[in-house]
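Structure file start-v5.cif (mmCIF, C-alpha atoms and all ligand atoms) is printed below.
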```cif
data_structure
loop_
_atom_site.label_atom_id
_atom_site.label_comp_id
_atom_site.auth_asym_id
_atom_site.auth_seq_id
_atom_site.Cartn_x
_atom_site.Cartn_y
_atom_site.Cartn_z
CA MET A 29 -16.91 0.09 -11.56
CA LYS A 30 -13.74 -1.90 -11.12
CA TRP A 31 -10.44 -0.05 -10.88
CA ALA A 32 -7.08 -1.66 -11.43
CA ILE A 33 -4.37 0.17 -9.49
CA LEU A 34 -0.81 -0.39 -10.64
CA SER A 35 2.44 0.97 -9.25
CA ASP A 36 6.21 0.67 -9.67
CA VAL A 37 6.50 -0.96 -13.08
CA HIS A 38 10.17 0.06 -13.32
CA GLY A 39 10.75 -0.77 -16.97
CA ASN A 40 9.67 -4.40 -16.59
CA LEU A 41 7.71 -4.97 -19.80
CA GLU A 42 7.09 -8.67 -19.21
CA ALA A 43 5.49 -7.99 -15.82
CA LEU A 44 3.42 -5.09 -17.19
CA ARG A 45 2.09 -7.07 -20.16
CA ALA A 46 1.06 -9.99 -17.93
CA THR A 47 -0.60 -7.58 -15.50
CA ILE A 48 -2.57 -5.82 -18.25
CA GLN A 49 -3.79 -9.17 -19.54
CA ASP A 50 -4.86 -10.13 -16.02
CA LEU A 51 -6.69 -6.89 -15.24
CA ARG A 52 -8.62 -7.14 -18.53
CA GLY A 53 -9.67 -10.67 -17.56
CA GLN A 54 -10.87 -9.29 -14.21
CA GLY A 55 -13.14 -6.78 -15.94
CA ALA A 56 -11.30 -3.66 -14.74
CA ARG A 57 -12.79 -0.66 -16.58
CA GLN A 58 -10.46 2.02 -15.26
CA VAL A 59 -6.73 1.93 -14.53
CA ALA A 60 -4.68 4.17 -12.25
CA PHE A 61 -0.89 4.18 -12.22
CA LEU A 62 0.89 5.34 -9.08
CA GLY A 63 4.30 6.15 -10.53
CA ASP A 64 7.78 4.78 -11.21
CA VAL A 65 7.35 3.57 -14.76
CA VAL A 66 11.15 3.81 -15.28
CA GLY A 67 14.29 2.76 -13.39
CA TYR A 68 15.72 -0.75 -12.71
CA GLY A 69 14.27 -2.53 -15.78
CA ALA A 70 15.28 -2.58 -19.44
CA ASN A 71 12.16 -1.23 -21.20
CA PRO A 72 11.31 2.29 -19.98
CA ASN A 73 9.95 3.60 -23.31
CA GLU A 74 7.91 0.48 -24.06
CA CYS A 75 6.35 0.45 -20.58
CA LEU A 76 5.51 4.14 -20.84
CA ALA A 77 3.88 3.62 -24.25
CA LEU A 78 1.66 0.85 -22.85
CA LEU A 79 0.66 2.90 -19.82
CA ARG A 80 -0.10 5.99 -21.86
CA GLU A 81 -2.40 3.90 -24.03
CA LEU A 82 -4.05 2.40 -20.97
CA THR A 83 -4.85 5.42 -18.80
CA GLU A 84 -4.65 9.13 -18.13
CA TRP A 85 -4.63 8.50 -14.38
CA VAL A 86 -0.87 8.55 -13.98
CA VAL A 87 1.16 10.22 -11.22
CA ALA A 88 4.91 10.75 -10.95
CA GLY A 89 7.24 8.53 -8.94
CA ASN A 90 10.66 9.41 -7.61
CA HIS A 91 12.45 7.42 -10.33
CA ASP A 92 10.38 9.15 -13.04
CA CYS A 93 11.29 12.53 -11.56
CA GLY A 94 14.91 11.45 -11.10
CA ALA A 95 15.19 10.41 -14.76
CA VAL A 96 14.03 13.82 -16.00
CA GLY A 97 16.01 15.99 -13.58
CA LEU A 98 13.12 16.94 -11.28
CA THR A 99 14.39 15.07 -8.21
CA ASP A 100 17.86 14.82 -6.74
CA ILE A 101 19.13 11.25 -7.17
CA ASP A 102 21.99 11.56 -4.65
CA THR A 103 19.94 9.68 -2.07
CA PHE A 104 19.27 6.75 -4.45
CA THR A 105 21.19 3.51 -3.95
CA SER A 106 24.07 3.04 -6.37
CA ALA A 107 22.14 0.47 -8.47
CA ALA A 108 19.07 2.73 -8.57
CA ARG A 109 21.18 5.72 -9.61
CA THR A 110 22.90 3.73 -12.37
CA ALA A 111 19.52 2.53 -13.66
CA VAL A 112 17.94 5.99 -13.55
CA LEU A 113 20.83 7.51 -15.50
CA TRP A 114 20.62 4.64 -17.99
CA SER A 115 16.85 5.23 -18.35
CA GLN A 116 17.50 8.93 -18.94
CA GLN A 117 19.66 8.01 -21.95
CA GLN A 118 16.99 5.66 -23.32
CA LEU A 119 13.91 7.85 -22.96
CA SER A 120 12.58 9.56 -26.08
CA THR A 121 12.36 13.37 -26.02
CA GLU A 122 8.57 13.07 -26.09
CA ASN A 123 8.52 10.67 -23.14
CA ILE A 124 10.84 12.96 -21.16
CA ALA A 125 8.41 15.84 -21.78
CA TYR A 126 5.49 13.61 -20.71
CA LEU A 127 7.22 12.57 -17.45
CA ARG A 128 8.05 16.20 -16.67
CA ARG A 129 4.35 17.11 -16.89
CA LEU A 130 3.08 14.39 -14.55
CA PRO A 131 1.25 15.53 -11.40
CA LEU A 132 2.29 14.27 -7.95
CA TRP A 133 -1.22 13.14 -7.12
CA HIS A 134 -4.70 12.70 -8.54
CA GLN A 135 -8.01 12.75 -6.80
CA LYS A 136 -11.23 11.21 -8.07
CA GLU A 137 -14.49 10.75 -6.20
CA GLY A 138 -12.84 10.85 -2.80
CA ILE A 139 -9.97 8.55 -3.79
CA THR A 140 -6.41 9.87 -3.66
CA PHE A 141 -3.79 8.33 -5.94
CA VAL A 142 -0.21 9.17 -4.95
CA HIS A 143 3.20 7.50 -5.22
CA ALA A 144 4.69 7.83 -1.73
CA SER A 145 2.57 9.61 0.90
CA PRO A 146 -0.58 11.79 0.89
CA ASN A 147 0.98 14.32 3.30
CA ALA A 148 4.25 15.06 1.48
CA PRO A 149 4.08 13.65 -2.05
CA ALA A 150 7.27 15.38 -3.22
CA GLU A 151 9.41 14.13 -0.32
CA TRP A 152 9.18 10.47 -1.28
CA ASN A 153 8.92 9.23 2.31
CA TYR A 154 8.41 5.56 2.97
CA MET A 155 5.17 5.39 4.92
CA ILE A 156 6.23 2.51 7.16
CA THR A 157 5.97 3.79 10.71
CA PHE A 158 2.84 4.63 12.70
CA PRO A 159 3.69 8.37 13.03
CA GLU A 160 4.17 8.56 9.26
CA ALA A 161 0.89 6.71 8.71
CA GLU A 162 -0.89 9.13 11.12
CA GLU A 163 0.44 12.07 9.08
CA GLY A 164 -0.76 10.38 5.90
CA PHE A 165 -4.30 10.01 7.30
CA HIS A 166 -4.24 13.57 8.62
CA ALA A 167 -3.60 14.87 5.09
CA LEU A 168 -6.18 12.64 3.43
CA ALA A 169 -9.05 14.57 1.81
CA GLY A 170 -11.40 11.60 1.30
CA ASP A 171 -11.76 8.15 2.81
CA LEU A 172 -9.32 6.24 0.66
CA ALA A 173 -5.82 6.57 -0.74
CA PHE A 174 -3.82 4.21 -2.89
CA VAL A 175 -0.02 4.41 -2.65
CA GLY A 176 3.03 2.51 -3.90
CA HIS A 177 6.76 3.33 -3.52
CA THR A 178 7.79 0.68 -0.94
CA HIS A 179 7.09 -2.24 -3.33
CA GLN A 180 5.41 -4.04 -0.41
CA PRO A 181 1.64 -4.48 -0.13
CA LEU A 182 0.17 -2.92 3.00
CA ALA A 183 -3.29 -1.91 4.19
CA LEU A 184 -3.94 0.63 6.94
CA ALA A 185 -7.31 1.53 8.47
CA LYS A 186 -8.27 4.35 10.81
CA GLU A 187 -11.53 5.26 12.55
CA ALA A 188 -12.14 8.95 13.26
CA LYS A 189 -10.80 8.84 16.81
CA GLY A 190 -8.99 5.55 16.67
CA GLU A 191 -5.38 4.67 16.04
CA VAL A 192 -3.95 3.40 12.79
CA GLN A 193 -4.51 -0.35 12.37
CA VAL A 194 -2.57 -2.65 10.06
CA ILE A 195 -5.05 -4.94 8.30
CA ASN A 196 -4.84 -7.77 5.77
CA PRO A 197 -3.52 -6.23 2.52
CA GLU A 198 -4.89 -9.08 0.38
CA GLU A 199 -8.55 -8.23 0.86
CA VAL A 200 -10.26 -5.17 2.31
CA ILE A 201 -14.01 -4.68 2.62
CA LEU A 202 -14.33 -0.93 3.14
CA LYS A 203 -16.69 0.20 5.88
CA GLU A 204 -18.46 3.52 6.47
CA GLY A 205 -16.71 5.78 8.96
CA ILE A 206 -13.31 4.15 8.47
CA ARG A 207 -10.57 5.59 6.27
CA TYR A 208 -8.01 3.51 4.43
CA ILE A 209 -4.52 3.87 2.95
CA ILE A 210 -3.66 0.90 0.76
CA ASN A 211 -0.28 0.09 -0.77
CA VAL A 212 -0.79 -1.99 -3.92
CA GLY A 213 2.77 -3.36 -4.07
CA SER A 214 4.85 -3.36 -7.24
CA VAL A 215 4.19 -4.69 -10.74
CA GLY A 216 7.81 -4.75 -11.91
CA GLN A 217 9.95 -5.32 -8.81
CA PRO A 218 8.03 -6.81 -5.85
CA ARG A 219 9.92 -6.79 -2.54
CA ASP A 220 7.69 -8.89 -0.30
CA SER A 221 9.48 -12.19 -1.04
CA ASN A 222 6.86 -13.04 -3.66
CA PRO A 223 8.30 -12.55 -7.15
CA GLN A 224 4.89 -12.40 -8.85
CA ALA A 225 3.75 -9.01 -10.13
CA ALA A 226 1.36 -7.28 -7.73
CA TYR A 227 -1.51 -4.88 -8.38
CA GLY A 228 -4.78 -3.86 -6.71
CA LEU A 229 -8.37 -4.31 -7.89
CA TYR A 230 -10.99 -2.04 -6.34
CA ASP A 231 -14.73 -2.33 -6.91
CA ASP A 232 -16.12 1.10 -6.00
CA VAL A 233 -19.73 -0.18 -5.85
CA ALA A 234 -19.15 -3.28 -3.72
CA LYS A 235 -16.49 -1.28 -1.78
CA LYS A 236 -14.18 -4.24 -1.99
CA TYR A 237 -10.44 -4.28 -2.65
CA ILE A 238 -8.27 -7.27 -3.45
CA LEU A 239 -4.55 -7.64 -4.09
CA LYS A 240 -3.82 -9.61 -7.24
CA ARG A 241 -0.63 -11.54 -8.03
CA VAL A 242 0.38 -12.42 -11.56
CA THR A 243 3.05 -14.81 -12.83
CA TYR A 244 5.17 -13.54 -15.70
CA ASP A 245 8.33 -14.46 -17.63
CA ILE A 246 10.92 -13.37 -15.06
CA GLN A 247 13.82 -14.90 -16.99
CA ALA A 248 13.07 -12.81 -20.06
CA ALA A 249 13.08 -9.62 -17.96
CA GLN A 250 16.34 -10.71 -16.27
CA LYS A 251 18.09 -11.41 -19.58
CA LYS A 252 17.24 -7.95 -20.88
CA ILE A 253 18.63 -6.29 -17.72
CA ILE A 254 21.93 -8.16 -18.11
CA LYS A 255 22.09 -7.46 -21.86
CA ALA A 256 21.55 -3.74 -21.23
CA GLY A 257 24.60 -3.73 -18.93
CA LEU A 258 22.55 -2.76 -15.87
CA PRO A 259 23.71 -4.00 -12.41
CA PRO A 260 23.22 -7.83 -12.28
CA PHE A 261 21.63 -7.54 -8.82
CA LEU A 262 18.64 -5.86 -10.47
CA ALA A 263 18.09 -9.06 -12.48
CA GLN A 264 18.75 -11.42 -9.56
CA ARG A 265 16.33 -9.77 -7.18
CA LEU A 266 13.36 -10.28 -9.55
CA ALA A 267 13.51 -14.05 -9.03
CA LYS A 268 13.39 -13.68 -5.26
CA GLY A 269 10.96 -10.80 -4.94
CA ILE A 270 13.38 -8.75 -2.84
ZN ZN B 1 9.63 2.21 -7.03
#
```

Please re-express this file's structure in C-alpha cells.
Amino acid sequence: MKWAILSDVHGNLEALRATIQDLRGQGARQVAFLGDVVGYGANPNECLALLRELTEWVVAGNHDCGAVGLTDIDTFTSAARTAVLWSQQQLSTENIAYLRRLPLWHQKEGITFVHASPNAPAEWNYMITFPEAEEGFHALAGDLAFVGHTHQPLALAKEAKGEVQVINPEEVILKEGIRYIINVGSVGQPRDSNPQAAYGLYDDVAKKYILKRVTYDIQAAQKKIIKAGLPPFLAQRLAKGI
C-alpha cells in the first residue's frame, strides 16, 4: 500500500489542495499528517476540514497546540506568535476541540508518525544534530519514523551498532536491519530553498520512499496572507522557500 505523508500545512490551502491532487494521482491509499495544520497561513479552518476528510492519522504540531493553549508560545518567533494568535481567533469551536484531542504520535505496523522527535514529542526539539538523532533512534519502537517540524527534508539511517548516517532524502530504499527517520519537509511553508510543496510517498510493500514536490499557486496564498493582515514576511518567504 502507498502512504502519503504530509506535514506542516500551516493554513496554506493552495499548497494543500495541489498536494492532495498529486497524491491521488500517485495512487496513495492512506494519508498520514504529521502536525501543524495552522499558523502562518490564512486558511486554518479550511485546511483542517480537508485534512479531517482525508485521514484519521493526524498528530499534533507545536503550532496546533499553541493555537489551543496547550503549548507555551513564548519561544515562538514574533511572526509565528502573531500568526498563532490570529489562527486562534479564526478557528471554529469544533476545530479547537478537535485540535485539543490530537495525540502527539501514532504508531502503525512498526511505523511511528510524530511531529518533532520520537524521543520527546512534547518538547518540539529540532532533530538536526547527531546527538539528537541518536536519541531519536534510541526511542524508536519500530524500524521507521516519519517526522516534520523543521520544514526541511532529511533522511537518517542507522544500523544496529553503527552511527547515524545522513542519506539522500529524495529517495530511500529501505533495507532489513537498518532503521530510518525521515523528515518529509513541509507542504505549506518549505524552507529548503525550494518553494514547491513537499510531501513523502512510501510504498510499504516495495519498501521504497520518495520525496515529492508539487507546484501550486503561491501568489494566491501570498495575497490571502497580506489581506488577513498577517506579517508580510510570511507571504514573502513562500516565494523563496525559506
Ligand atoms: Zn511547522

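Distances to Leu41 in chain A were evaluated for A:Leu78, A:Ala263, A:Ala60, A:Leu172 using all atoms listed in the file, and the minimum falls at A:Leu78.
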
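The two atoms in question, CA of Ile206 in chain A and CA of Ala185 in chain A, are spaced 6.5 Å apart.
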
Compile the contact shell of Glu151 in chain A as a PDB file with C-alpha atoms, in the coordinates of the input: residues with an atom at most 9 Å away, counting all atoms listed in the file, same-chain residues fewer than 6 positions apart removed.
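Output file around16.pdb follows:
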```pdb
ATOM      1  CA  ASN A  90      10.660   9.410  -7.610  1.00  0.00           C
ATOM      2  CA  ALA A 144       4.690   7.830  -1.730  1.00  0.00           C
ATOM      3  CA  SER A 145       2.570   9.610   0.900  1.00  0.00           C
TER       4      SER A 145
END
```

Notebook entry, point to check: Which of these, A:Arg52, A:Lys186, A:Lys203, A:Lys136, has the shortest distance to Leu82 in chain A once you count all atoms listed in the file?
Noted result: A:Arg52

Checklist line | Nearby residues, (-7.7, 1.3, 1.5) file frame, 12 Å, all atoms listed in the file, as JSON, numbers by chain | finding: {"A": [33, 138, 139, 140, 141, 165, 168, 170, 171, 172, 173, 174, 175, 181, 182, 183, 184, 185, 186, 193, 194, 195, 196, 197, 198, 199, 200, 201, 202, 203, 206, 207, 208, 209, 210, 211, 212, 228, 229, 230, 231, 232, 235, 236, 237, 238, 239]}

Next item on the list: Using all atoms listed in the file, determine which residues lie at most 12 Å from Gln54 in chain A, disregarding the query and same-chain residues fewer than 4 positions distant; provide the list as a PyMOL selection string.
Entry: chain A and resi 29-32+47-50+58-59+227-231+238+240+242

Item checked: Nearest to ligand ZN 1 (chain B), chosen from A:Leu51, A:Ala108, A:Ala188, A:Leu130, with all atoms listed in the file counted in the distances ->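 The answer is A:Ala108, which sits nearest to ligand ZN 1 (chain B).
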
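Closest to ligand ZN 1 (chain B) among A:Gly216, A:Pro72, A:Gly257, A:Pro131 is A:Gly216, based on all atoms listed in the file.
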
Could you please extract the residues within 8 Å of ligand ZN 1 (chain B), counting only C-alpha atoms and all ligand atoms, and hand them back as a PDB file with C-alpha atoms, in the coordinates of the input?
```
ATOM      1  CA  SER A  35       2.440   0.970  -9.250  1.00  0.00           C
ATOM      2  CA  ASP A  36       6.210   0.670  -9.670  1.00  0.00           C
ATOM      3  CA  VAL A  37       6.500  -0.960 -13.080  1.00  0.00           C
ATOM      4  CA  HIS A  38      10.170   0.060 -13.320  1.00  0.00           C
ATOM      5  CA  GLY A  63       4.300   6.150 -10.530  1.00  0.00           C
ATOM      6  CA  ASP A  64       7.780   4.780 -11.210  1.00  0.00           C
ATOM      7  CA  GLY A  67      14.290   2.760 -13.390  1.00  0.00           C
ATOM      8  CA  GLY A  89       7.240   8.530  -8.940  1.00  0.00           C
ATOM      9  CA  ASN A  90      10.660   9.410  -7.610  1.00  0.00           C
ATOM     10  CA  HIS A  91      12.450   7.420 -10.330  1.00  0.00           C
ATOM     11  CA  GLY A 176       3.030   2.510  -3.900  1.00  0.00           C
ATOM     12  CA  HIS A 177       6.760   3.330  -3.520  1.00  0.00           C
ATOM     13  CA  THR A 178       7.790   0.680  -0.940  1.00  0.00           C
ATOM     14  CA  HIS A 179       7.090  -2.240  -3.330  1.00  0.00           C
ATOM     15  CA  SER A 214       4.850  -3.360  -7.240  1.00  0.00           C
ATOM     16  CA  GLN A 217       9.950  -5.320  -8.810  1.00  0.00           C
TER      17      GLN A 217
END
```
